[in-house]
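Remarks on the structure that follows.
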Number of protein chains: 2
Amino acid sequence: MAELSDSTSETANSNSETVATKVEPLEVSLSPQERFSEYLQSRGLRQTSQRKFLIDQVFSQHEHFDAEELIERLPRRGEANYVSTATVYRTLRECVDAGLLNSFQLDGRTVYDHDYGYPQHDHLYCTRCRKLLEFQSDELVEIRDQMAALHGFRVESHRMIISGVCRECSRRRRKKRKQDLV
Amino acid sequence: MAELSDSTSETANSNSETVATKVEPLEVSLSPQERFSEYLQSRGLRQTSQRKFLIDQVFSQHEHFDAEELIERLPRRGEANYVSTATVYRTLRECVDAGLLNSFQLDGRTVYDHDYGYPQHDHLYCTRCRKLLEFQSDELVEIRDQMAALHGFRVESHRMIISGVCRECSRRRRKKRKQDLV
DNA sequence: ATTCATGCAAATTCTTTGCATCAGC
DNA sequence: GCTGATGCAAAGAATTTGCATGAAT
């Protein structure tokens with residue numbers, strides 16, 4: 001349903017201070033696969049072919065997805081490497097526990113986001129094409145901590161989503177309006 | 001399920017700059033009821049006893065709630081002023097359209113928040129007691145606009161939720177730990 | 001009179017669970 | 001071999017929808 005996220009760099013626009021414009025992979029010592037192994041071992045859980053396969057799939061591309069989308073691109077029942085829906089849901093949850101994925105709710109569905117190997121970031125959500133874009137802001141985190149402190153809150157995490165219309169959709173719309181006038 | 005929100009003022013804590021500590025009602029010329037009437041009229045929709053009753057209920061206290069909680073405190077089937085689940089859901093949606101309520105997803109449920117008559121604000125969510133606290137930050141809005149501009153986004157709205165542990169729950173926990181040591 | 005709104009129950013959607021069987025360790 | 005993991009189907013939870021009836025304009 002939702003489209004791939006576009007983490008292409010967007011250089012200076014109207015506003016160009018010292019703000020990060022990209023969310024680039026971090027240097028990490030362990031692969032997601034290895035990291036997951038450690039997690040499993042630490043809890044006495046098992047290394048199964050399904051889990052390995054799913055981690056591979058999930059980290060094969062840096063994009064946001066929901067359970068449905070993941071299942072769609074997985075082998076069907078009867079095919080090699082088939083994994084049942086139940087196991088997909090169970091494994092996604094484990095990925096979140098393991099710190100590999102982050103999850104949040106959007107339009108009623110649960111969206112997953114690579115956590116391991118990527119810096120903390122937030123999202124711009126286009127309500128027209130449903131694309132999710134990432135952004136980073138240290139200032140945002142400062143404000144978060146300030147607000148939390150003010151209310152005696154110990155921060156565990158935060159989630160910010162800016163909804164609106166992306167550049168492409170605005171262009172498309174403008175173009176369409178022009179055409180309509182002709 | 002979720003508790004009432006506590007919009008009690010929290011004055012200067014560790015961090016006291018010029019930050020708002022309260023989310024107070026705004027002056028509005030129309031009551032929610034009147035505002036909803038206008039919305040209905042403008043769309044040729046009807047003024048029904050169920051709708052009136054629901055608006056009264058929804059605005060009788062400033063708190064966050066979900067459909068289930070609302071339905072729970074409404075008259076049961078057979079009693080006076082009974083409103084069916086379907087109508088509750090339909091009306092909540094209309095309230096959002098009408099700009100009376102805001103809705104967002106939290107822990108899989110849809111939470112509603114008074115929009116009309118209250119200033120824009122964001123939330124602190126206690127993962128222990130599930131309480132929602134409000135905060136306001138103009139700086140946050142500035143950063144939002146800056147980030148949006150940077151990506152060529154036209155902002156429609158945003159949603160920020162800071163999750164963590166509230167003061168009361170921290171206290172409770174600390175107390176419990178002390179007791180455990182005795 | 002029209003047409004929209006309501007109540008009801010059934011349908012949806014997304015996700016979780018119970019349980020028999022299977023497979024890591 | 002023990003115990004956790006999987007697949008399956010069935011159950012759940014939250015919300016929506018189809019439709020006949022009732023009510024607002």
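Please note that chains go A, B, ... in the order of the structure tokens, that every chain numbers its residues from 1, and that ligands are numbered from 1 in the order shown.
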Counting only C-alpha atoms (C1' of nucleotides), which residues of chain D sit at most 8 Å from some atom of chain A, and what is each one's closest atom pair with its distance in Å to one decimal, listed by chain and rising residue number, as a tab-separated table?
residue	atom	partner	partner_atom	distance
D:DG4	C1'	A:Leu45	CA	7.0
D:DA5	C1'	A:Arg46	CA	7.7
D:DT6	C1'	A:Thr87	CA	7.0
D:DG7	C1'	A:Ser84	CA	6.1
Legend entry - Test item: chain B residues at most 7 Å from chain A, counting only C-alpha atoms, as a list in words: Glu10, Ala12, Asn13, Ser14, Asn15, Gln105, Gly108, Leu140, Ile143, Gln146, Ala149, Leu150, His151, Gly152, Phe153, Arg154, Val155, Glu156, Ser157, His158, Arg159, Met160, Ile161, Ile162, Ser163, Gly164, Val165, Cys166 and Arg167 of chain B
Suppose we keep N, CA, C and O atoms; can you now write the selection as a short mmCIF file (atom, residue, chain, number, x, y, z; two decimals), in the first residue's frame?
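File written: part.cif
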data_model
loop_
_atom_site.label_atom_id
_atom_site.label_comp_id
_atom_site.auth_asym_id
_atom_site.auth_seq_id
_atom_site.Cartn_x
_atom_site.Cartn_y
_atom_site.Cartn_z
N GLU B 10 2.37 22.61 35.64
CA GLU B 10 3.61 22.11 36.24
C GLU B 10 4.57 23.27 36.16
O GLU B 10 5.04 23.62 35.09
N ALA B 12 7.99 25.56 36.83
CA ALA B 12 9.45 25.39 36.76
C ALA B 12 10.00 24.15 37.46
O ALA B 12 9.78 23.92 38.63
N ASN B 13 10.73 23.42 36.67
CA ASN B 13 11.35 22.22 37.19
C ASN B 13 12.84 22.40 37.04
O ASN B 13 13.42 23.36 37.53
N SER B 14 13.49 21.50 36.37
CA SER B 14 14.92 21.63 36.16
C SER B 14 15.20 22.74 35.14
O SER B 14 16.16 23.47 35.23
N ASN B 15 14.27 22.86 34.24
CA ASN B 15 14.48 23.69 33.07
C ASN B 15 13.41 24.77 32.99
O ASN B 15 12.29 24.50 32.62
N GLN B 105 -3.25 7.75 16.65
CA GLN B 105 -3.14 6.34 17.03
C GLN B 105 -2.15 6.19 18.16
O GLN B 105 -1.06 6.75 18.12
N GLY B 108 -2.26 1.16 19.14
CA GLY B 108 -3.26 0.47 18.34
C GLY B 108 -4.68 1.00 18.43
O GLY B 108 -5.51 0.65 17.62
N LEU B 140 8.99 23.96 18.72
CA LEU B 140 8.76 22.69 18.03
C LEU B 140 8.10 22.96 16.67
O LEU B 140 8.48 22.37 15.66
N ILE B 143 10.63 24.30 14.21
CA ILE B 143 11.48 23.24 13.66
C ILE B 143 10.71 22.43 12.63
O ILE B 143 11.22 22.08 11.57
N GLN B 146 10.62 24.36 9.50
CA GLN B 146 11.95 24.39 8.91
C GLN B 146 12.23 23.08 8.17
O GLN B 146 12.68 23.07 7.04
N ALA B 149 10.07 22.76 5.06
CA ALA B 149 10.56 23.63 4.00
C ALA B 149 11.76 23.01 3.30
O ALA B 149 11.87 22.99 2.09
N LEU B 150 12.63 22.47 4.11
CA LEU B 150 13.85 21.84 3.62
C LEU B 150 13.55 20.72 2.62
O LEU B 150 14.33 20.45 1.71
N HIS B 151 12.45 20.07 2.80
CA HIS B 151 12.09 18.97 1.92
C HIS B 151 10.97 19.31 0.94
O HIS B 151 10.40 18.43 0.31
N GLY B 152 10.66 20.60 0.87
CA GLY B 152 9.62 21.01 -0.08
C GLY B 152 8.25 20.50 0.29
O GLY B 152 7.40 20.27 -0.57
N PHE B 153 8.04 20.33 1.57
CA PHE B 153 6.77 19.81 2.06
C PHE B 153 5.83 20.95 2.45
O PHE B 153 6.23 21.91 3.08
N ARG B 154 4.58 20.83 2.09
CA ARG B 154 3.57 21.77 2.59
C ARG B 154 2.92 21.11 3.80
O ARG B 154 2.27 20.08 3.67
N VAL B 155 3.11 21.70 4.97
CA VAL B 155 2.63 21.10 6.21
C VAL B 155 1.12 21.20 6.34
O VAL B 155 0.53 22.25 6.09
N GLU B 156 0.51 20.10 6.69
CA GLU B 156 -0.91 20.13 7.02
C GLU B 156 -1.09 20.02 8.53
O GLU B 156 -1.93 20.69 9.11
N SER B 157 -0.31 19.18 9.13
CA SER B 157 -0.40 19.00 10.58
C SER B 157 0.81 18.21 11.05
O SER B 157 1.62 17.79 10.24
N HIS B 158 0.90 18.03 12.32
CA HIS B 158 1.95 17.15 12.82
C HIS B 158 1.47 16.50 14.09
O HIS B 158 0.47 16.91 14.68
N ARG B 159 2.20 15.50 14.49
CA ARG B 159 1.85 14.79 15.71
C ARG B 159 3.14 14.39 16.38
O ARG B 159 4.00 13.75 15.77
N MET B 160 3.33 14.86 17.62
CA MET B 160 4.52 14.43 18.33
C MET B 160 4.12 13.81 19.66
O MET B 160 3.34 14.39 20.40
N ILE B 161 4.64 12.66 19.92
CA ILE B 161 4.37 12.00 21.19
C ILE B 161 5.69 11.58 21.82
O ILE B 161 6.50 10.91 21.19
N ILE B 162 5.90 12.07 23.02
CA ILE B 162 7.09 11.70 23.77
C ILE B 162 6.69 10.61 24.75
O ILE B 162 5.83 10.83 25.60
N SER B 163 7.28 9.44 24.62
CA SER B 163 6.94 8.36 25.53
C SER B 163 7.99 8.26 26.62
O SER B 163 9.17 8.52 26.39
N GLY B 164 7.56 7.89 27.78
CA GLY B 164 8.48 7.76 28.88
C GLY B 164 7.75 7.44 30.16
O GLY B 164 6.68 6.87 30.12
N VAL B 165 8.34 7.84 31.27
CA VAL B 165 7.72 7.56 32.56
C VAL B 165 7.44 8.88 33.27
O VAL B 165 8.32 9.72 33.39
N CYS B 166 6.23 9.05 33.69
CA CYS B 166 5.84 10.31 34.32
C CYS B 166 6.38 10.42 35.74
O CYS B 166 6.82 9.43 36.32
N ARG B 167 6.32 11.61 36.26
CA ARG B 167 6.87 11.89 37.59
C ARG B 167 6.29 10.94 38.64
O ARG B 167 7.01 10.33 39.42
#
Inset, instruction - Tell me which protein, DNA and RNA residues are within 12 Å of DG22 in chain D, counting only C-alpha atoms (C1' of nucleotides), leaving out same-chain ones fewer than 2 positions away, and put them as number ranges by chain. - result: B: 48; C: 3-7; D: 20, 24
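Proximity to DC8 in chain C was assessed for D:DT17, D:DA23, D:DG1, D:DG12 counting only C-alpha atoms (C1' of nucleotides); the smallest distance is recorded for D:DT17.
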Give me the residues within 10 Å of Gln33 in chain B as a PDB file with C-alpha atoms, in the first residue's frame, counting only C-alpha atoms (C1' of nucleotides) and dropping any in the same chain fewer than 3 places off.
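Wrote it out as part_39.pdb, contents follow:
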ATOM      1  CA  LEU B  30     -19.078  29.516  19.345  1.00  0.00           C
ATOM      2  CA  PHE B  36     -20.980  21.550  14.946  1.00  0.00           C
ATOM      3  CA  SER B  37     -24.363  22.926  13.896  1.00  0.00           C
ATOM      4  CA  GLU B  38     -22.663  25.224  11.447  1.00  0.00           C
ATOM      5  CA  TYR B  39     -20.671  22.336  10.066  1.00  0.00           C
ATOM      6  CA  ARG B  51     -25.401  14.011  17.483  1.00  0.00           C
ATOM      7  CA  LYS B  52     -26.314  16.695  19.990  1.00  0.00           C
ATOM      8  CA  PHE B  53     -26.070  14.279  22.855  1.00  0.00           C
ATOM      9  CA  LEU B  54     -22.700  12.972  21.741  1.00  0.00           C
ATOM     10  CA  ILE B  55     -21.190  16.435  21.347  1.00  0.00           C
ATOM     11  CA  ASP B  56     -22.338  17.233  24.864  1.00  0.00           C
ATOM     12  CA  PHE B  59     -17.043  18.147  25.462  1.00  0.00           C
ATOM     13  CA  LEU B 100     -13.841  19.741  16.832  1.00  0.00           C
TER      14      LEU B 100
END
Legend entry - Nearest candidate to chain C (options A:Glu34, A:Glu27, A:Glu63, A:Glu68; using only C-alpha atoms (C1' of nucleotides)): A:Glu68
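Computed from the coordinates, the CA of Val111 in chain B to CA of Asp66 in chain B distance equals 4.7 Å.
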Inset, instruction - Between B:Ser49, B:Gln120, B:Asn102, B:Gln179, single out the one closest to chain C, counting only C-alpha atoms (C1' of nucleotides). - result: B:Ser49
Inset, instruction - Quick one: pull the distance between CA of Lys131 in chain B and C1' of DC14 in chain C, Å, one decimal. - result: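 About the pair CA of Lys131 in chain B and C1' of DC14 in chain C: they are 25.3 Å apart.
If only C-alpha atoms (C1' of nucleotides) are the atoms counted, then among B:His114, B:Arg90, B:Lys178, B:His62 the closest residue to chain C is B:Arg90.
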Near chain A, meaning an atom within 8 Å, which residues of chain C appear when counting only C-alpha atoms (C1' of nucleotides)? Write them as a PDB file with N, CA and C atoms (P, O5', C5', C4', C3', O3' and C1' of nucleotides), in the first residue's frame.
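File written: iface27.pdb
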ATOM      1  P    DC C  14      -5.572  -4.309   6.548  1.00  0.00           P
ATOM      2  O5'  DC C  14      -4.874  -4.538   7.955  1.00  0.00           O
ATOM      3  C5'  DC C  14      -5.165  -3.633   9.019  1.00  0.00           C
ATOM      4  C4'  DC C  14      -4.853  -4.301  10.328  1.00  0.00           C
ATOM      5  C3'  DC C  14      -3.503  -5.025  10.367  1.00  0.00           C
ATOM      6  O3'  DC C  14      -2.824  -4.558  11.523  1.00  0.00           O
ATOM      7  C1'  DC C  14      -5.220  -6.411  11.207  1.00  0.00           C
ATOM      8  P    DT C  15      -1.279  -4.917  11.767  1.00  0.00           P
ATOM      9  O5'  DT C  15      -1.485  -6.059  12.860  1.00  0.00           O
ATOM     10  C5'  DT C  15      -2.283  -5.734  13.987  1.00  0.00           C
ATOM     11  C4'  DT C  15      -2.541  -6.952  14.820  1.00  0.00           C
ATOM     12  C3'  DT C  15      -1.300  -7.790  15.106  1.00  0.00           C
ATOM     13  O3'  DT C  15      -1.027  -7.653  16.504  1.00  0.00           O
ATOM     14  C1'  DT C  15      -3.198  -9.127  14.583  1.00  0.00           C
ATOM     15  P    DG C  24      16.009 -26.846  12.280  1.00  0.00           P
ATOM     16  O5'  DG C  24      16.603 -25.653  13.168  1.00  0.00           O
ATOM     17  C5'  DG C  24      17.430 -26.044  14.168  1.00  0.00           C
ATOM     18  C4'  DG C  24      17.304 -25.152  15.363  1.00  0.00           C
ATOM     19  C3'  DG C  24      18.641 -25.099  16.041  1.00  0.00           C
ATOM     20  O3'  DG C  24      18.741 -23.935  16.813  1.00  0.00           O
ATOM     21  C1'  DG C  24      17.157 -26.472  17.299  1.00  0.00           C
ATOM     22  P    DC C  25      20.214 -23.411  17.089  1.00  0.00           P
ATOM     23  O5'  DC C  25      20.573 -24.153  18.455  1.00  0.00           O
ATOM     24  C5'  DC C  25      19.891 -23.762  19.631  1.00  0.00           C
ATOM     25  C4'  DC C  25      20.157 -24.772  20.732  1.00  0.00           C
ATOM     26  C3'  DC C  25      21.633 -25.144  20.895  1.00  0.00           C
ATOM     27  O3'  DC C  25      22.092 -24.668  22.158  1.00  0.00           O
ATOM     28  C1'  DC C  25      20.206 -27.070  20.954  1.00  0.00           C
TER      29       DC C  25
END
Determine which residues of chain A receive a DSSP assignment of strand (DSSP E), computed from the backbone, and state them as an mmCIF file with N, CA and C atoms, in the first residue's frame.
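File states_3.cif, as written:
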data_model
loop_
_atom_site.group_PDB
_atom_site.id
_atom_site.type_symbol
_atom_site.label_atom_id
_atom_site.label_comp_id
_atom_site.auth_asym_id
_atom_site.auth_seq_id
_atom_site.Cartn_x
_atom_site.Cartn_y
_atom_site.Cartn_z
ATOM 1 N N PHE A 65 7.874 -0.273 5.939
ATOM 2 C CA PHE A 65 6.935 -1.288 5.462
ATOM 3 C C PHE A 65 5.999 -1.694 6.586
ATOM 4 N N ASP A 66 4.915 -2.338 6.215
ATOM 5 C CA ASP A 66 4.055 -2.921 7.233
ATOM 6 C C ASP A 66 4.011 -4.427 6.997
ATOM 7 N N LEU A 101 14.293 -3.073 14.697
ATOM 8 C CA LEU A 101 13.247 -2.277 14.066
ATOM 9 C C LEU A 101 12.553 -1.393 15.083
ATOM 10 N N ASN A 102 11.983 -0.357 14.554
ATOM 11 C CA ASN A 102 11.107 0.523 15.294
ATOM 12 C C ASN A 102 9.731 0.366 14.706
ATOM 13 N N SER A 103 8.715 0.541 15.476
ATOM 14 C CA SER A 103 7.388 0.477 14.881
ATOM 15 C C SER A 103 6.555 1.656 15.332
ATOM 16 N N PHE A 104 5.672 2.087 14.476
ATOM 17 C CA PHE A 104 4.725 3.141 14.862
ATOM 18 C C PHE A 104 3.451 2.994 14.057
ATOM 19 N N GLN A 105 2.422 3.669 14.532
ATOM 20 C CA GLN A 105 1.104 3.551 13.903
ATOM 21 C C GLN A 105 0.896 4.692 12.923
ATOM 22 N N LEU A 106 0.380 4.357 11.774
ATOM 23 C CA LEU A 106 0.094 5.384 10.776
ATOM 24 C C LEU A 106 -1.138 4.943 10.012
ATOM 25 N N ARG A 109 -2.386 1.339 10.458
ATOM 26 C CA ARG A 109 -1.532 0.177 10.286
ATOM 27 C C ARG A 109 -0.227 0.386 11.069
ATOM 28 N N THR A 110 0.456 -0.702 11.351
ATOM 29 C CA THR A 110 1.722 -0.614 12.055
ATOM 30 C C THR A 110 2.849 -0.559 11.036
ATOM 31 N N VAL A 111 3.611 0.502 11.080
ATOM 32 C CA VAL A 111 4.706 0.681 10.140
ATOM 33 C C VAL A 111 6.025 0.369 10.829
ATOM 34 N N TYR A 112 6.890 -0.350 10.129
ATOM 35 C CA TYR A 112 8.205 -0.689 10.662
ATOM 36 C C TYR A 112 9.285 0.078 9.929
ATOM 37 N N ASP A 113 10.322 0.353 10.651
ATOM 38 C CA ASP A 113 11.340 1.290 10.268
ATOM 39 C C ASP A 113 12.677 0.717 10.745
ATOM 40 N N HIS A 114 13.710 0.746 9.941
ATOM 41 C CA HIS A 114 14.998 0.250 10.399
ATOM 42 C C HIS A 114 15.525 1.101 11.538
ATOM 43 N N ASP A 122 13.058 11.308 12.303
ATOM 44 C CA ASP A 122 11.602 11.415 12.339
ATOM 45 C C ASP A 122 11.081 11.450 10.920
ATOM 46 N N HIS A 123 9.765 11.615 10.785
ATOM 47 C CA HIS A 123 9.178 11.440 9.452
ATOM 48 C C HIS A 123 8.277 12.557 8.950
ATOM 49 N N LEU A 124 8.361 12.715 7.643
ATOM 50 C CA LEU A 124 7.429 13.568 6.915
ATOM 51 C C LEU A 124 6.534 12.602 6.159
ATOM 52 N N TYR A 125 5.256 12.794 6.267
ATOM 53 C CA TYR A 125 4.322 11.856 5.651
ATOM 54 C C TYR A 125 3.447 12.578 4.639
ATOM 55 N N CYS A 126 3.527 12.145 3.399
ATOM 56 C CA CYS A 126 2.704 12.786 2.366
ATOM 57 C C CYS A 126 1.322 12.137 2.354
ATOM 58 N N LEU A 132 6.723 8.128 2.923
ATOM 59 C CA LEU A 132 7.339 8.556 4.174
ATOM 60 C C LEU A 132 8.756 9.011 3.885
ATOM 61 N N LEU A 133 9.079 10.207 4.306
ATOM 62 C CA LEU A 133 10.426 10.746 4.142
ATOM 63 C C LEU A 133 11.040 10.900 5.522
ATOM 64 N N GLU A 134 12.341 10.784 5.596
ATOM 65 C CA GLU A 134 12.978 10.908 6.900
ATOM 66 C C GLU A 134 13.664 12.251 7.069
ATOM 67 N N PHE A 135 13.720 12.699 8.299
ATOM 68 C CA PHE A 135 14.540 13.882 8.575
ATOM 69 C C PHE A 135 15.150 13.727 9.964
ATOM 70 N N ARG A 154 10.727 11.036 32.404
ATOM 71 C CA ARG A 154 11.943 10.383 31.943
ATOM 72 C C ARG A 154 11.669 9.848 30.544
ATOM 73 N N VAL A 155 12.351 10.404 29.563
ATOM 74 C CA VAL A 155 12.097 10.060 28.160
ATOM 75 C C VAL A 155 12.580 8.653 27.822
ATOM 76 N N GLU A 156 11.733 7.908 27.167
ATOM 77 C CA GLU A 156 12.156 6.609 26.637
ATOM 78 C C GLU A 156 12.345 6.716 25.122
ATOM 79 N N SER A 157 11.436 7.393 24.504
ATOM 80 C CA SER A 157 11.514 7.567 23.054
ATOM 81 C C SER A 157 10.535 8.656 22.634
ATOM 82 N N HIS A 158 10.526 8.952 21.374
ATOM 83 C CA HIS A 158 9.516 9.881 20.883
ATOM 84 C C HIS A 158 9.200 9.538 19.444
ATOM 85 N N ARG A 159 8.132 10.103 18.972
ATOM 86 C CA ARG A 159 7.728 9.852 17.607
ATOM 87 C C ARG A 159 7.138 11.143 17.081
ATOM 88 N N MET A 160 7.717 11.652 15.998
ATOM 89 C CA MET A 160 7.125 12.856 15.404
ATOM 90 C C MET A 160 6.851 12.593 13.943
ATOM 91 N N ILE A 161 5.650 12.898 13.544
ATOM 92 C CA ILE A 161 5.292 12.755 12.141
ATOM 93 C C ILE A 161 4.672 14.054 11.662
ATOM 94 N N ILE A 162 5.276 14.588 10.620
ATOM 95 C CA ILE A 162 4.745 15.804 10.015
ATOM 96 C C ILE A 162 3.949 15.383 8.787
ATOM 97 N N SER A 163 2.685 15.669 8.784
ATOM 98 C CA SER A 163 1.856 15.310 7.631
ATOM 99 C C SER A 163 1.678 16.505 6.725
ATOM 100 N N GLY A 164 1.611 16.227 5.446
ATOM 101 C CA GLY A 164 1.438 17.308 4.493
ATOM 102 C C GLY A 164 1.515 16.783 3.088
ATOM 103 N N VAL A 165 1.916 17.657 2.186
ATOM 104 C CA VAL A 165 2.001 17.252 0.784
ATOM 105 C C VAL A 165 3.440 17.404 0.319
#
Legend entry - Those of range 10-91 of chain B in DSSP alpha helix (DSSP H), formatted as a PyMOL selection string: chain B and resi 32-42+49-59+67-72+85-91
